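Chemist: This one is run_2.txt, compact mmCIF, C-alpha atoms and all ligand atoms.
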```txt
# COMPACT_ATOMS: atom_id res chain seq x y z
CA MET A 1351 12.92 -0.24 -22.45
CA LYS A 1352 10.71 -0.31 -19.38
CA ARG A 1353 13.56 0.92 -17.17
CA LEU A 1354 14.37 3.71 -19.59
CA LEU A 1355 10.73 4.79 -19.77
CA THR A 1356 10.51 4.73 -15.97
CA ARG A 1357 13.66 6.87 -15.70
CA LEU A 1358 12.32 9.32 -18.28
CA VAL A 1359 9.06 9.74 -16.38
CA ALA A 1360 10.99 10.14 -13.13
CA SER A 1361 13.09 12.87 -14.71
CA ARG A 1362 9.95 14.77 -15.75
CA GLY A 1363 9.12 15.97 -12.27
CA VAL A 1364 7.36 12.91 -10.91
CA GLN A 1365 8.51 12.77 -7.30
CA GLY A 1366 6.54 9.83 -5.98
CA TYR A 1367 6.87 6.11 -6.31
CA PHE A 1368 6.60 5.04 -9.90
CA ASP A 1369 6.77 1.76 -11.74
CA LEU A 1370 5.26 0.85 -15.09
CA TYR A 1371 5.06 -2.76 -14.00
CA GLU A 1372 3.58 -4.84 -16.82
CA VAL A 1373 0.82 -2.52 -18.00
CA PRO A 1374 0.33 -3.12 -21.74
CA ARG A 1375 2.21 -0.24 -23.42
CA GLU A 1376 -0.64 0.63 -25.81
CA ARG A 1377 -2.98 1.11 -22.84
CA LEU A 1378 -0.62 3.15 -20.63
CA GLU A 1379 -2.23 6.43 -21.72
CA SER A 1380 -5.55 5.26 -20.20
CA PHE A 1381 -4.15 5.23 -16.68
CA ASP A 1382 -2.67 7.78 -14.32
CA LEU A 1383 0.02 5.66 -12.70
CA PRO A 1384 2.71 7.75 -10.99
CA GLU A 1385 2.50 9.41 -7.64
CA ARG A 1386 3.04 13.00 -8.67
CA ALA A 1387 4.36 14.16 -5.32
CA ASP A 1388 6.26 12.51 -2.47
CA ILE A 1389 3.52 11.16 -0.21
CA PHE A 1390 6.01 11.07 2.68
CA ALA A 1391 6.61 14.84 2.53
CA PRO A 1392 4.47 17.87 3.48
CA GLY A 1393 2.12 18.80 0.64
CA GLY A 1394 2.35 15.30 -0.83
CA LEU A 1395 -1.27 14.28 -0.28
CA PRO A 1396 -4.52 16.06 -1.12
CA GLY A 1397 -6.33 17.06 2.05
CA GLY A 1398 -3.08 17.14 4.02
CA SER A 1399 -1.28 14.46 5.96
CA LEU A 1400 0.60 13.82 9.19
CA TRP A 1401 3.65 15.55 7.63
CA ASP A 1402 1.73 18.80 7.13
CA SER A 1403 0.64 18.69 10.78
CA LEU A 1404 4.20 17.94 11.95
CA GLU A 1405 5.54 20.77 9.82
CA SER A 1406 3.22 23.30 11.50
CA SER A 1407 3.57 21.81 15.01
CA GLY A 1408 6.92 23.38 15.76
CA LEU A 1409 8.30 19.94 16.59
CA ARG A 1410 11.70 19.00 15.21
CA TRP A 1411 10.96 15.97 13.11
CA GLN A 1412 12.58 13.75 10.53
CA GLY A 1413 11.08 11.09 8.31
CA TRP A 1414 12.74 8.19 6.54
CA ASN A 1415 10.89 6.20 3.88
CA TRP A 1416 11.54 3.40 1.38
CA ARG A 1417 14.18 5.52 -0.33
CA THR A 1418 16.58 4.85 2.57
CA PRO A 1419 17.62 1.23 3.27
CA GLN A 1420 16.11 0.04 6.55
CA ALA A 1421 19.43 -0.52 8.36
CA GLU A 1422 20.61 2.98 7.43
CA ALA A 1423 17.34 4.58 8.59
CA PHE A 1424 17.49 2.66 11.89
CA ALA A 1425 21.11 3.77 12.48
CA GLN A 1426 20.32 7.43 11.72
CA ALA A 1427 17.24 7.42 13.94
CA LEU A 1428 19.27 5.92 16.82
CA GLN A 1429 21.79 8.74 16.40
CA SER A 1430 18.94 11.25 16.65
CA ILE A 1431 17.61 9.59 19.80
CA GLU A 1432 21.14 9.67 21.22
CA SER A 1433 21.78 13.34 20.45
CA GLY A 1434 18.23 14.56 21.09
CA ASP A 1435 18.25 16.65 17.90
CA ARG A 1436 14.74 15.46 16.93
CA ASP A 1437 11.42 15.34 18.80
CA VAL A 1438 9.84 12.94 16.31
CA CYS A 1439 11.51 10.26 14.18
CA PHE A 1440 9.27 8.54 11.66
CA ILE A 1441 10.53 5.49 9.77
CA TYR A 1442 8.63 3.80 6.99
CA THR A 1443 10.32 0.65 5.78
CA ALA A 1444 9.06 -1.58 2.98
CA GLU A 1445 11.65 -4.32 3.54
CA LEU A 1446 9.42 -6.64 5.57
CA ASP A 1447 6.77 -6.33 2.86
CA ALA A 1448 9.35 -7.22 0.20
CA TRP A 1449 10.62 -10.29 2.13
CA LEU A 1450 7.05 -11.48 2.69
CA HIS A 1451 6.22 -11.20 -1.00
CA ARG A 1452 9.41 -13.08 -1.88
CA GLU A 1453 9.37 -15.87 0.72
CA GLY A 1454 5.91 -16.13 2.25
CA THR A 1455 5.15 -15.62 5.92
CA GLN A 1456 7.41 -18.47 7.14
CA GLY A 1457 10.55 -17.45 5.22
CA PRO A 1458 13.97 -17.03 6.88
CA GLY A 1459 14.43 -13.52 5.44
CA VAL A 1460 11.08 -12.53 6.98
CA ALA A 1461 12.18 -13.80 10.39
CA ALA A 1462 15.53 -11.99 10.09
CA CYS A 1463 13.78 -8.75 9.10
CA LEU A 1464 11.41 -9.00 12.08
CA ASP A 1465 14.45 -9.62 14.33
CA ALA A 1466 16.08 -6.46 12.95
CA VAL A 1467 12.95 -4.42 13.73
CA GLU A 1468 12.80 -5.88 17.24
CA GLN A 1469 16.49 -5.10 17.81
CA PHE A 1470 15.95 -1.53 16.63
CA VAL A 1471 13.06 -1.03 19.08
CA ARG A 1472 15.22 -2.45 21.91
CA ASP A 1473 18.13 -0.20 20.92
CA ALA A 1474 15.80 2.82 20.76
CA PHE A 1475 14.66 2.25 24.35
CA THR A 1476 18.20 1.57 25.61
CA THR A 1477 19.53 4.67 23.87
CA SER A 1478 16.75 6.97 25.10
CA ALA A 1479 17.13 5.67 28.66
CA ARG A 1480 20.88 6.31 28.51
CA ALA A 1481 20.24 9.82 27.21
CA GLY A 1482 17.73 10.37 30.01
CA ARG A 1483 14.77 11.16 27.77
CA PRO A 1484 11.47 9.23 27.65
CA LEU A 1485 10.54 7.50 24.42
CA TRP A 1486 7.01 7.27 23.06
CA CYS A 1487 7.17 4.33 20.71
CA HIS A 1488 4.60 3.38 18.07
CA VAL A 1489 5.21 0.33 15.87
CA LEU A 1490 2.60 -0.42 13.24
CA SER A 1491 2.03 -2.13 9.94
CA ASP A 1492 -0.31 -0.94 7.23
CA HIS A 1493 -1.72 -4.35 6.31
CA GLY A 1494 -1.53 -8.08 6.94
CA MET A 1495 -0.18 -10.70 4.54
CA VAL A 1496 -1.63 -13.93 3.16
CA ASP A 1497 0.42 -16.85 1.79
CA VAL A 1498 -0.43 -17.43 -1.87
CA ARG A 1499 -1.83 -20.87 -2.66
CA THR A 1500 -3.56 -20.45 -6.02
CA HIS A 1501 -3.11 -18.47 -9.24
CA VAL A 1502 -5.99 -17.18 -11.34
CA ASP A 1503 -5.60 -16.36 -15.03
CA LEU A 1504 -8.34 -14.06 -16.31
CA THR A 1505 -6.87 -13.49 -19.75
CA GLY A 1506 -8.67 -16.50 -21.30
CA ARG A 1507 -12.01 -15.42 -19.87
CA LEU A 1508 -11.51 -11.87 -21.12
CA ARG A 1509 -10.51 -13.17 -24.57
CA SER A 1510 -13.72 -15.24 -24.75
CA VAL A 1511 -15.83 -12.09 -24.41
CA PRO A 1512 -16.98 -10.61 -27.76
CA PHE A 1513 -15.89 -7.12 -26.67
CA ARG A 1514 -12.42 -5.61 -26.78
CA ALA A 1515 -10.44 -4.16 -23.87
CA GLY A 1516 -9.33 -0.61 -24.57
CA ARG A 1517 -12.28 -0.06 -26.92
CA ASP A 1518 -15.51 -1.43 -25.41
CA TYR A 1519 -14.27 -1.39 -21.85
CA GLU A 1520 -11.15 -0.60 -19.87
CA VAL A 1521 -9.64 -3.04 -17.39
CA PHE A 1522 -6.80 -2.84 -14.89
CA LEU A 1523 -5.50 -6.14 -13.54
CA ASP A 1524 -4.00 -5.64 -10.08
CA SER A 1525 -2.48 -8.55 -8.13
CA THR A 1526 -5.69 -9.36 -6.25
CA PHE A 1527 -8.45 -7.60 -8.15
CA ALA A 1528 -9.64 -6.55 -11.58
CA ARG A 1529 -11.19 -3.12 -12.12
CA PHE A 1530 -13.46 -2.25 -15.00
CA TRP A 1531 -14.75 0.88 -16.69
CA TRP A 1532 -17.50 0.18 -19.23
CA ARG A 1533 -17.89 1.92 -22.58
CA HIS A 1534 -20.26 -0.53 -24.29
CA PRO A 1535 -23.19 -1.65 -22.10
CA GLY A 1536 -22.99 -5.16 -23.56
CA ALA A 1537 -19.40 -5.49 -22.33
CA ARG A 1538 -20.47 -5.34 -18.69
CA VAL A 1539 -23.04 -8.11 -19.15
CA ALA A 1540 -20.63 -10.29 -21.11
CA VAL A 1541 -17.73 -9.91 -18.63
CA HIS A 1542 -20.03 -10.61 -15.67
CA GLU A 1543 -21.23 -13.75 -17.46
CA ALA A 1544 -17.68 -14.87 -18.24
CA PHE A 1545 -16.64 -14.45 -14.58
CA ALA A 1546 -19.70 -16.23 -13.16
CA THR A 1547 -17.96 -19.64 -13.16
CA GLU A 1548 -14.75 -18.40 -11.45
CA SER A 1549 -15.51 -19.13 -7.81
CA ARG A 1550 -12.22 -17.71 -6.43
CA GLY A 1551 -13.39 -14.11 -6.88
CA ARG A 1552 -16.48 -11.96 -6.44
CA TRP A 1553 -17.89 -8.60 -7.50
CA LEU A 1554 -17.82 -6.02 -4.70
CA ASP A 1555 -21.04 -4.21 -3.92
CA ARG A 1556 -21.35 -0.59 -2.94
CA ALA A 1557 -22.11 -1.37 0.73
CA MET A 1558 -18.83 -3.29 1.11
CA LEU A 1559 -16.82 -0.54 -0.59
CA GLU A 1560 -18.45 2.15 1.55
CA ARG A 1561 -17.76 0.19 4.72
CA HIS A 1562 -14.03 0.29 3.98
CA GLY A 1563 -13.81 3.83 2.62
CA ALA A 1564 -13.26 2.60 -0.92
CA TRP A 1565 -16.42 3.92 -2.59
CA PHE A 1566 -15.85 6.80 -5.03
CA ALA A 1567 -18.92 8.28 -6.69
CA ASP A 1568 -16.90 9.33 -9.77
CA HIS A 1569 -15.62 5.75 -10.25
CA ARG A 1570 -12.08 7.00 -10.67
CA PHE A 1571 -10.73 3.65 -9.46
CA GLY A 1572 -13.20 1.57 -11.45
CA GLU A 1573 -16.94 1.15 -11.98
CA ASP A 1574 -16.91 -2.54 -11.11
CA LEU A 1575 -14.36 -4.29 -8.89
CA TRP A 1576 -13.83 -8.04 -8.90
CA LEU A 1577 -11.82 -9.17 -5.85
CA LEU A 1578 -10.03 -12.49 -5.36
CA GLU A 1579 -10.40 -14.61 -2.24
CA PRO A 1580 -7.46 -14.42 0.23
CA GLY A 1581 -4.51 -16.54 -0.96
CA ALA A 1582 -5.31 -16.20 -4.68
CA ILE A 1583 -3.44 -13.87 -7.05
CA LEU A 1584 -3.87 -12.90 -10.67
CA VAL A 1585 -1.13 -14.34 -12.89
CA PRO A 1586 -0.57 -12.65 -15.22
CA SER A 1587 -1.56 -9.21 -14.03
CA PHE A 1588 -0.41 -5.69 -14.81
CA MET A 1589 1.75 -5.96 -11.69
CA GLY A 1590 3.87 -8.77 -13.10
CA THR A 1591 4.05 -12.10 -14.87
CA GLN A 1592 5.92 -13.89 -12.07
CA PRO A 1593 3.91 -15.13 -9.10
CA VAL A 1594 4.90 -14.10 -5.55
CA ALA A 1595 4.77 -16.17 -2.35
CA ALA A 1596 2.48 -13.90 -0.32
CA MET A 1597 0.16 -11.00 -1.05
CA HIS A 1598 -2.06 -8.34 0.54
CA GLY A 1599 -4.98 -6.42 -0.92
CA TYR A 1600 -7.81 -8.74 0.13
CA ASP A 1601 -11.04 -8.30 2.05
CA PRO A 1602 -9.94 -6.30 5.15
CA GLU A 1603 -12.24 -8.45 7.27
CA HIS A 1604 -10.18 -11.58 6.58
CA PRO A 1605 -8.26 -12.48 9.79
CA GLU A 1606 -4.85 -12.65 8.05
CA MET A 1607 -5.32 -9.11 6.74
CA THR A 1608 -5.17 -7.81 10.31
CA ALA A 1609 -2.45 -5.19 10.75
CA PHE A 1610 -0.22 -4.64 13.77
CA TYR A 1611 -0.04 -1.79 16.27
CA ALA A 1612 2.06 -1.85 19.44
CA SER A 1613 2.96 1.06 21.66
CA ASN A 1614 4.10 1.93 25.16
CA ARG A 1615 1.38 4.61 25.04
CA ASP A 1616 -2.33 4.01 25.59
CA LEU A 1617 -4.10 3.17 22.35
CA PRO A 1618 -7.59 4.66 21.97
CA ALA A 1619 -10.52 2.27 21.67
CA GLY A 1620 -11.50 3.84 18.36
CA LEU A 1621 -8.24 2.84 16.68
CA ARG A 1622 -9.66 0.27 14.26
CA GLY A 1623 -7.89 0.83 10.97
CA LEU A 1624 -5.29 2.77 9.06
CA ARG A 1625 -7.71 5.65 8.55
CA ASP A 1626 -7.76 6.23 12.34
CA VAL A 1627 -3.96 6.34 12.67
CA ARG A 1628 -3.35 9.86 11.40
CA GLY A 1629 -5.74 11.48 13.89
CA PHE A 1630 -4.26 9.50 16.77
CA LEU A 1631 -0.65 10.29 15.88
CA GLU A 1632 -1.55 13.97 15.45
CA ARG A 1633 -2.99 14.00 18.97
CA GLU A 1634 0.21 12.33 20.20
CA CYS A 1635 2.29 15.02 18.46
CA ALA A 1636 0.12 17.77 19.96
CA ALA A 1637 0.63 16.24 23.43
CA LEU A 1638 4.36 16.08 22.77
CA ALA A 1639 4.46 19.71 21.62
CA ALA A 1640 2.54 20.75 24.77
CA GLU A 1641 5.07 18.87 26.93
CA ALA A 1642 7.99 20.43 25.12
CA ALA A 1643 6.49 23.90 25.69
CA ALA A 1644 5.79 23.29 29.40
ZN ZN A 1701 3.41 -5.27 -0.69
```
What does this structure look like when you write it as structure tokens?
Modeler:
Amino acid sequence: MKRLLTRLVASRGVQGYFDLYEVPRERLESFDLPERADIFAPGGLPGGSLWDSLESSGLRWQGWNWRTPQAEAFAQALQSIESGDRDVCFIYTAELDAWLHREGTQGPGVAACLDAVEQFVRDAFTTSARAGRPLWCHVLSDHGMVDVRTHVDLTGRLRSVPFRAGRDYEVFLDSTFARFWWRHPGARVAVHEAFATESRGRWLDRAMLERHGAWFADHRFGEDLWLLEPGAILVPSFMGTQPVAAMHGYDPEHPEMTAFYASNRDLPAGLRGLRDVRGFLERECAALAAEAAA
């Protein structure tokens, strides 16, 4: 049923990533789950994205995303480097993320996937050298990963509260945090009281959310956010009933949430987080376009 529903939604013009996961069916109408456009294509994000800039740069570019298996994307990009038919090749692969979730950070599939990425980078440099063209290489991840060591079940706590989800308040249970929208003022007090004895999570204050660009005045992503400590996940959650071996989505200041960026180009000192990446890569593309024109 879930698969069929997912296919139906996908056939109704939803172009982005979409999964109903385990959201209670009767509450689905409360949430806006699908990506409506392809976020890896021009026009896919409000306020524009790197793809819009690439599209107007005059550079010949191609992007591969999770829709193409990693090995296939690597092979096609190597062909492009060989033939010189593209100025920019962008590959987004979610396979390392998937292996990490499945096995944890020490898993053999994780190691093999990292080896494949390393081999691709080596091949890219060998191929570009053979073709006699320089290669500007940027390898980055969008988050770290923490091995899961404890599961937290909030359903009992929520059941003990004399207010009903969907009526007195709305809740969305992600893997690492619970988000609330309050309809009855008593519900907020009661839920806060019920969570007070769960030491593996905490309510996020506005200052913390603002610091990480996650504060929205209209509360579209929740009025109150309760975040788990690194290494804990919600089981069950709306993302699934089966636990995973590793997870992301924790306090960005936790050391294991650190992402990765390596390049043979100089990285600017101000490159601190994912929000800085677009501007930097756009400047790189502009420099590339200027070189191509010279
Ligand atoms: Zn993930």
Chemist: Which value, in Å to one decimal, gives the distance between atom CA of Phe1440 of chain A and atom CA of Asp1492 of chain A?
Modeler: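 Value for the atom CA of Phe1440 of chain A-atom CA of Asp1492 of chain A distance: 14.2 Å.
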Chemist: Report the closest atom pair, with its distance in Å rounded to one decimal, for each residue of chain A that has an atom no farther than 8 Å from ligand ZN 1701 (chain A); count only C-alpha atoms and all ligand atoms, sort by chain and then rising residue number, and write it as CSV.
Modeler:
```
residue,atom,partner,partner_atom,distance
A:Ala1444,CA,A:ZN1701,ZN,7.7
A:Asp1447,CA,A:ZN1701,ZN,5.0
A:Ala1448,CA,A:ZN1701,ZN,6.3
A:Leu1450,CA,A:ZN1701,ZN,8.0
A:His1451,CA,A:ZN1701,ZN,6.6
A:Met1597,CA,A:ZN1701,ZN,6.6
A:His1598,CA,A:ZN1701,ZN,6.4
```
Chemist: Could you list as a list in words every residue that has an atom within 6 Å of (-9.3, 6.9, 17.5), using the file's coordinates and counting only C-alpha atoms?
Modeler: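 With a cut-off of 6 Å, the residues come to Pro1618, Gly1620, Leu1621, Asp1626 and Phe1630 of chain A.
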Chemist: May I have the selected residues written with C-alpha atoms, as a PDB file, in the coordinates of the input?
Modeler:
```
ATOM      1  CA  PRO A1618      -7.590   4.660  21.970  1.00  0.00           C
ATOM      2  CA  GLY A1620     -11.500   3.840  18.360  1.00  0.00           C
ATOM      3  CA  LEU A1621      -8.240   2.840  16.680  1.00  0.00           C
ATOM      4  CA  ASP A1626      -7.760   6.230  12.340  1.00  0.00           C
ATOM      5  CA  PHE A1630      -4.260   9.500  16.770  1.00  0.00           C
TER       6      PHE A1630
END
```
Chemist: Report, in Å with one decimal, the straight-line distance from atom CA of Ala1582 of chain A to atom CA of Val1498 of chain A.
Modeler: 5.8 Å
Chemist: Which of these residues is nearest to Arg1561 of chain A, using only C-alpha atoms: A:Pro1484, A:Gly1434, A:Pro1602, A:Pro1396?
Modeler: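 Among the listed residues, the smallest separation from Arg1561 of chain A belongs to A:Pro1602.
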Chemist: Leaving out segment 1462-1470 of chain A and any residue of its chain fewer than 6 positions from it, which residues lie within 12 Å of it when counting only C-alpha atoms, given as a count of residues only?
Modeler: 31
Chemist: Between A:Asp1616, A:Asp1388, A:Asp1402, A:Glu1376, single out the one closest to Ala1515 of chain A, counting only C-alpha atoms.
Modeler: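 Going through A:Asp1616, A:Asp1388, A:Asp1402, A:Glu1376 one by one, the smallest distance to Ala1515 of chain A is for A:Glu1376.
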Chemist: Would you kindly return, as a ChimeraX atom specification, each protein, DNA or RNA residue with an atom no farther than 10 Å from any atom of Ala1636 of chain A, considering all atoms listed in the file and excluding same-chain residues fewer than 2 positions away?
Modeler: /A:1403-1404,1407-1409,1630-1634,1638-1642
Chemist: Let me make sure I understand: among A:Met1495, A:Glu1603, A:Leu1378, A:Val1502, which one has the smallest atom-to-atom distance to Thr1591 of chain A if we use all atoms listed in the file?
Modeler: A:Val1502
Chemist: Report, in Å with one decimal, the straight-line distance from atom CA of Trp1565 of chain A to atom CA of Ile1389 of chain A.
Modeler: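 Taking atom CA of Trp1565 of chain A as the start and atom CA of Ile1389 of chain A as the end point, the length is 21.3 Å.
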Chemist: Tell me which protein, DNA and RNA residues are within 10 Å of segment 1545-1553 of chain A, counting all atoms listed in the file, leaving out same-chain ones fewer than 3 positions away, and put them as a VMD selection string.
Modeler: chain A and resid 1500 to 1502 1504 1507 to 1508 1526 to 1529 1540 to 1542 1556 1574 to 1583
Chemist: When distances are computed from only C-alpha atoms, which of A:Trp1411, A:Trp1416, A:Tyr1600, A:Phe1610 shows the smallest separation from Ser1430 of chain A?
Modeler: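 Checking each candidate against Ser1430 of chain A, we get A:Trp1411 as the closest.
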Chemist: Work out where the centre of an axis-aligned box around every listed atom of segment 1398-1407 of chain A lies and how long its edges are once 4 Å is added on each side; give both in Å to one decimal as AutoDock Vina command-line options.
Modeler:
```
--center_x 1.2 --center_y 18.6 --center_z 9.5 --size_x 16.6 --size_y 17.5 --size_z 19.0
```
Chemist: Looking at all atoms listed in the file, which of A:Arg1514, A:His1534, A:Arg1499, A:Arg1622 is the one that sits closest to Ala1596 of chain A?
Modeler: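 That would be A:Arg1499, the residue with the smallest distance to Ala1596 of chain A.
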Chemist: Identify which of the residues A:Tyr1519, A:Ala1537, A:Glu1372, A:Gly1629 lies closest to Gln1592 of chain A, counting all atoms listed in the file when measuring atom-to-atom distances.
Modeler: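 Comparing A:Tyr1519, A:Ala1537, A:Glu1372, A:Gly1629 against Gln1592 of chain A, the winner is A:Glu1372.
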